[in-house]
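Asks: Take this structure first; my questions come after.
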Amino acid sequence: MLPQEMHDALIDDVASLGTRRVTYSGGGDPLACSYAVQAMATAKRKGLKVTLISNLSLVKDGGSFLDIGIDTVLANCSAGDSATYMAFHPGCSANDFERMTEILRALVKRRTTVTLVCVVCAVNVNGLMAVVHYAADIGARIQWKLMSATNGTERIALTDAQHEHVRKTLPQLRLECSNAGVVSNIDDFERSLQGTSLRLPIEDIGCHVGDHYARIDADGTVRYCCNPNVALVTGSLHNASFTEIWCGQRWAALRQQLSTNGFVSGCERCGKFGLNLELAMKKGRADGL
């Protein structure tokens with residue numbers, strides 16, 4: 001993560017711009033940062049809503065963690081029982097699963113919105129119903145995701161037979177979610193299984209996130225969005241404040257470029273497609289479409 005002084009200055013900066021929410025996530029778990037709890041607490045004190053994406057295995061002081069008052073937690077769980085959890089998270093134990101469960105229950109009790117992220121692959125393909133029961137027991141939502149096999153993970157990708165099994169299981173899965181009162185993105189998950197996910201070519205709706213979102217790497221690199229393409233780097237916090245970068249010529253040029261479908265490599269896998277779709281629909285209503 002950023003040096004703590006830089007992080008705190010950044011929070012001051014984005015709060016002054018009227019930012020509503022910050023999300024702590026990363027290629028690793030953000031809780032690996034030595035001052036992660038203090039960082040999120042600082043954001044909350046500035047009036048920002050806080051989202052954390054984590055498997056919670058690195059929570060050291062449960063009391064201090066809960067006292068932050070995190071608004072939303074996306075728990076990288078992908079399991080509904082300890083055995084599947086250990087298979088999906090090599091190196092973790094049944095105690096880790098039980099501790100995560102305890103923390104999730106406490107978060108829900110404090111009215112944090114908890115979503116279990118379930119990346120469906122060969123490891124957990126036979127335990128999806130257990131995820132529903134686990135979410136219902138905790139009081140959590142579910143975000144179903146079809147695994148993208150990259151960087152050596154091909155060995156745990158769904159086989160054709162497993163893919164078909166999941167597709168045939170969906171009606172029962174949908175009914176179980178409904179009966180248990182568990183909110184999930186099962187409609188979008190079904191579309192992804194059919195090859196017709198909401199992640200349609202970005203050209204269909206355009207890019208509208210330029211005034212709503214930014215991504216900042218642990219080294220201080222500021223990006224237009226979550227697309228890692230270097231063409232979308234807008235600056236560095238080591239050279240300028242976030243406000244200077246956000247209001248600068250580089251960002252303005254990218255807003256113009258991307259709003260007119262001047263896409264770059266990686267945009268076809270838009271990581272903010274849901275936000276783009278929402279913004280496009282709002283724009284359409286505003287334009288009377």
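By order in the structure tokens, chains are A, B, ...; within a chain, residues start at 1; ligands start at 1, following the order shown.
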Pick out the residues sitting within 10 Å of Tyr134 of chain A, and hand them over as a list of chain:residue names; count only C-alpha atoms, and ignore anything fewer than 5 positions along from it in its own chain.
Replies: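 In the requested form, the answer reads A:Ala79, A:Gly80, A:Asp81, A:Thr101, A:Leu116, A:Leu128, A:Met129, A:Gly139, A:Ala140, A:Arg141, A:Ile142, A:Val182.
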Asks: Residues near segment 274-278 of chain A, anyone? I mean within 7 Å using only C-alpha atoms, not counting same-chain ones fewer than 2 positions away, as a PDB file with all heavy atoms, in the first residue's frame.
Replies:
```pdb
ATOM      1  N   ILE A 205     -22.104   0.244 -25.174  1.00  0.00           N
ATOM      2  CA  ILE A 205     -22.621   1.252 -24.249  1.00  0.00           C
ATOM      3  C   ILE A 205     -21.682   2.437 -24.074  1.00  0.00           C
ATOM      4  O   ILE A 205     -22.088   3.487 -23.588  1.00  0.00           O
ATOM      5  CB  ILE A 205     -22.915   0.652 -22.863  1.00  0.00           C
ATOM      6  CG1 ILE A 205     -21.629   0.124 -22.239  1.00  0.00           C
ATOM      7  CG2 ILE A 205     -23.988  -0.414 -22.934  1.00  0.00           C
ATOM      8  CD1 ILE A 205     -21.769  -0.146 -20.762  1.00  0.00           C
ATOM      9  N   CYS A 207     -17.858   4.227 -22.721  1.00  0.00           N
ATOM     10  CA  CYS A 207     -17.212   4.382 -21.415  1.00  0.00           C
ATOM     11  C   CYS A 207     -17.651   5.696 -20.796  1.00  0.00           C
ATOM     12  O   CYS A 207     -17.507   6.759 -21.402  1.00  0.00           O
ATOM     13  CB  CYS A 207     -15.689   4.361 -21.572  1.00  0.00           C
ATOM     14  SG  CYS A 207     -14.812   4.571 -20.019  1.00  0.00           S
ATOM     15  N   HIS A 208     -18.179   5.623 -19.581  1.00  0.00           N
ATOM     16  CA  HIS A 208     -18.742   6.799 -18.907  1.00  0.00           C
ATOM     17  C   HIS A 208     -18.157   7.009 -17.519  1.00  0.00           C
ATOM     18  O   HIS A 208     -18.648   7.840 -16.761  1.00  0.00           O
ATOM     19  CB  HIS A 208     -20.264   6.642 -18.790  1.00  0.00           C
ATOM     20  CG  HIS A 208     -20.933   6.279 -20.079  1.00  0.00           C
ATOM     21  ND1 HIS A 208     -21.258   7.201 -21.049  1.00  0.00           N
ATOM     22  CD2 HIS A 208     -21.318   5.064 -20.575  1.00  0.00           C
ATOM     23  CE1 HIS A 208     -21.830   6.591 -22.073  1.00  0.00           C
ATOM     24  NE2 HIS A 208     -21.878   5.292 -21.807  1.00  0.00           N
ATOM     25  N   VAL A 209     -17.104   6.268 -17.167  1.00  0.00           N
ATOM     26  CA  VAL A 209     -16.620   6.292 -15.790  1.00  0.00           C
ATOM     27  C   VAL A 209     -15.626   7.417 -15.496  1.00  0.00           C
ATOM     28  O   VAL A 209     -15.201   7.579 -14.357  1.00  0.00           O
ATOM     29  CB  VAL A 209     -15.963   4.945 -15.396  1.00  0.00           C
ATOM     30  CG1 VAL A 209     -16.951   3.805 -15.524  1.00  0.00           C
ATOM     31  CG2 VAL A 209     -14.716   4.696 -16.233  1.00  0.00           C
ATOM     32  N   LYS A 272     -15.283  -2.375 -15.079  1.00  0.00           N
ATOM     33  CA  LYS A 272     -16.320  -1.517 -14.495  1.00  0.00           C
ATOM     34  C   LYS A 272     -17.541  -1.506 -15.410  1.00  0.00           C
ATOM     35  O   LYS A 272     -18.234  -0.497 -15.508  1.00  0.00           O
ATOM     36  CB  LYS A 272     -15.793  -0.102 -14.287  1.00  0.00           C
ATOM     37  CG  LYS A 272     -14.566   0.002 -13.409  1.00  0.00           C
ATOM     38  CD  LYS A 272     -14.756  -0.638 -12.047  1.00  0.00           C
ATOM     39  CE  LYS A 272     -15.788   0.062 -11.198  1.00  0.00           C
ATOM     40  NZ  LYS A 272     -15.927  -0.589  -9.866  1.00  0.00           N
ATOM     41  N   ALA A 280     -24.732   4.634 -18.362  1.00  0.00           N
ATOM     42  CA  ALA A 280     -25.316   4.761 -19.700  1.00  0.00           C
ATOM     43  C   ALA A 280     -26.839   4.826 -19.628  1.00  0.00           C
ATOM     44  O   ALA A 280     -27.481   5.600 -20.353  1.00  0.00           O
ATOM     45  CB  ALA A 280     -24.879   3.592 -20.577  1.00  0.00           C
ATOM     46  N   MET A 281     -27.422   4.016 -18.744  1.00  0.00           N
ATOM     47  CA  MET A 281     -28.874   4.016 -18.585  1.00  0.00           C
ATOM     48  C   MET A 281     -29.349   5.350 -18.013  1.00  0.00           C
ATOM     49  O   MET A 281     -30.362   5.895 -18.450  1.00  0.00           O
ATOM     50  CB  MET A 281     -29.298   2.857 -17.697  1.00  0.00           C
ATOM     51  CG  MET A 281     -29.057   1.483 -18.317  1.00  0.00           C
ATOM     52  SD  MET A 281     -29.390   0.111 -17.188  1.00  0.00           S
ATOM     53  CE  MET A 281     -31.161   0.274 -16.992  1.00  0.00           C
ATOM     54  N   LYS A 282     -28.608   5.896 -17.054  1.00  0.00           N
ATOM     55  CA  LYS A 282     -28.964   7.198 -16.484  1.00  0.00           C
ATOM     56  C   LYS A 282     -28.873   8.282 -17.547  1.00  0.00           C
ATOM     57  O   LYS A 282     -29.719   9.178 -17.623  1.00  0.00           O
ATOM     58  CB  LYS A 282     -28.047   7.524 -15.306  1.00  0.00           C
ATOM     59  CG  LYS A 282     -28.332   6.720 -14.058  1.00  0.00           C
ATOM     60  CD  LYS A 282     -27.409   7.127 -12.928  1.00  0.00           C
ATOM     61  CE  LYS A 282     -27.708   6.344 -11.662  1.00  0.00           C
ATOM     62  NZ  LYS A 282     -26.782   6.716 -10.559  1.00  0.00           N
TER      63      LYS A 282
END
```
Asks: Could you pull out the residues in segment 92-261 of chain A that DSSP calls alpha helix (DSSP H) from the backbone, as number ranges by chain?
Replies: A: 94-109, 128-138, 160-180, 186-193, 242-246, 249-259
Asks: Could you jot down the atom CA of Gly220 of chain A to atom CA of His238 of chain A separation for me, Å, one decimal place?
Replies: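 Separation between atom CA of Gly220 of chain A and atom CA of His238 of chain A: 6.5 Å.
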Asks: Mind dumping a table of every segment 72-155 of chain A residue within 12 Å of segment 45-62 of chain A, with the nearest atom pair and its distance in Å to one decimal, using only C-alpha atoms, sorted by chain and rising number, as CSV?
Replies:
```
residue,atom,partner,partner_atom,distance
A:Thr72,CA,A:Thr51,CA,4.6
A:Val73,CA,A:Leu52,CA,4.9
A:Leu74,CA,A:Ile53,CA,4.7
A:Ala75,CA,A:Asn55,CA,5.1
A:Asn76,CA,A:Asn55,CA,4.6
A:Cys77,CA,A:Asn55,CA,6.2
A:Ser78,CA,A:Asn55,CA,9.7
A:Ala79,CA,A:Asn55,CA,11.3
A:Tyr85,CA,A:Asn55,CA,10.6
A:Phe88,CA,A:Asn55,CA,11.6
A:His89,CA,A:Asn55,CA,9.6
A:Gly91,CA,A:Ser57,CA,11.0
A:Cys92,CA,A:Ser57,CA,8.5
A:Ser93,CA,A:Ser57,CA,10.2
A:Ala94,CA,A:Ser57,CA,11.6
A:Asn95,CA,A:Ser57,CA,10.1
A:Asp96,CA,A:Ser57,CA,6.5
A:Phe97,CA,A:Ser57,CA,8.4
A:Glu98,CA,A:Ser57,CA,10.3
A:Arg99,CA,A:Ser57,CA,7.9
A:Met100,CA,A:Leu56,CA,6.1
A:Thr101,CA,A:Leu56,CA,9.5
A:Glu102,CA,A:Gly62,CA,9.6
A:Ile103,CA,A:Gly62,CA,7.3
A:Leu104,CA,A:Leu56,CA,8.8
A:Arg105,CA,A:Gly62,CA,11.9
A:Ala106,CA,A:Gly62,CA,9.3
A:Leu107,CA,A:Gly62,CA,10.2
A:Thr112,CA,A:Thr51,CA,9.6
A:Thr113,CA,A:Thr51,CA,9.3
A:Val114,CA,A:Leu52,CA,9.8
A:Thr115,CA,A:Ile53,CA,9.6
A:Leu116,CA,A:Asn55,CA,9.5
A:Val117,CA,A:Ile53,CA,9.3
A:Cys118,CA,A:Asn55,CA,11.3
```
Asks: To one decimal place in Å, what is the distance between atom CA of Arg167 of chain A and atom CA of Glu203 of chain A?
Replies: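 A separation of 28.1 Å between them.
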Asks: Please tabulate, as JSON lines, the residues of segment 100-176 of chain A that come within 9 Å of segment 190-193 of chain A, each with its closest pair of atoms and the distance in Å to one decimal, counting only C-alpha atoms and ordering rows by chain, then residue number upward.
Replies:
```
{"residue": "A:Lys145", "atom": "CA", "partner": "A:Ser192", "partner_atom": "CA", "distance": 8.4}
{"residue": "A:Leu146", "atom": "CA", "partner": "A:Ser192", "partner_atom": "CA", "distance": 7.1}
{"residue": "A:His163", "atom": "CA", "partner": "A:Leu193", "partner_atom": "CA", "distance": 7.6}
{"residue": "A:Glu164", "atom": "CA", "partner": "A:Leu193", "partner_atom": "CA", "distance": 8.8}
{"residue": "A:Val166", "atom": "CA", "partner": "A:Leu193", "partner_atom": "CA", "distance": 8.4}
{"residue": "A:Arg167", "atom": "CA", "partner": "A:Leu193", "partner_atom": "CA", "distance": 6.7}
{"residue": "A:Leu170", "atom": "CA", "partner": "A:Glu190", "partner_atom": "CA", "distance": 7.4}
```
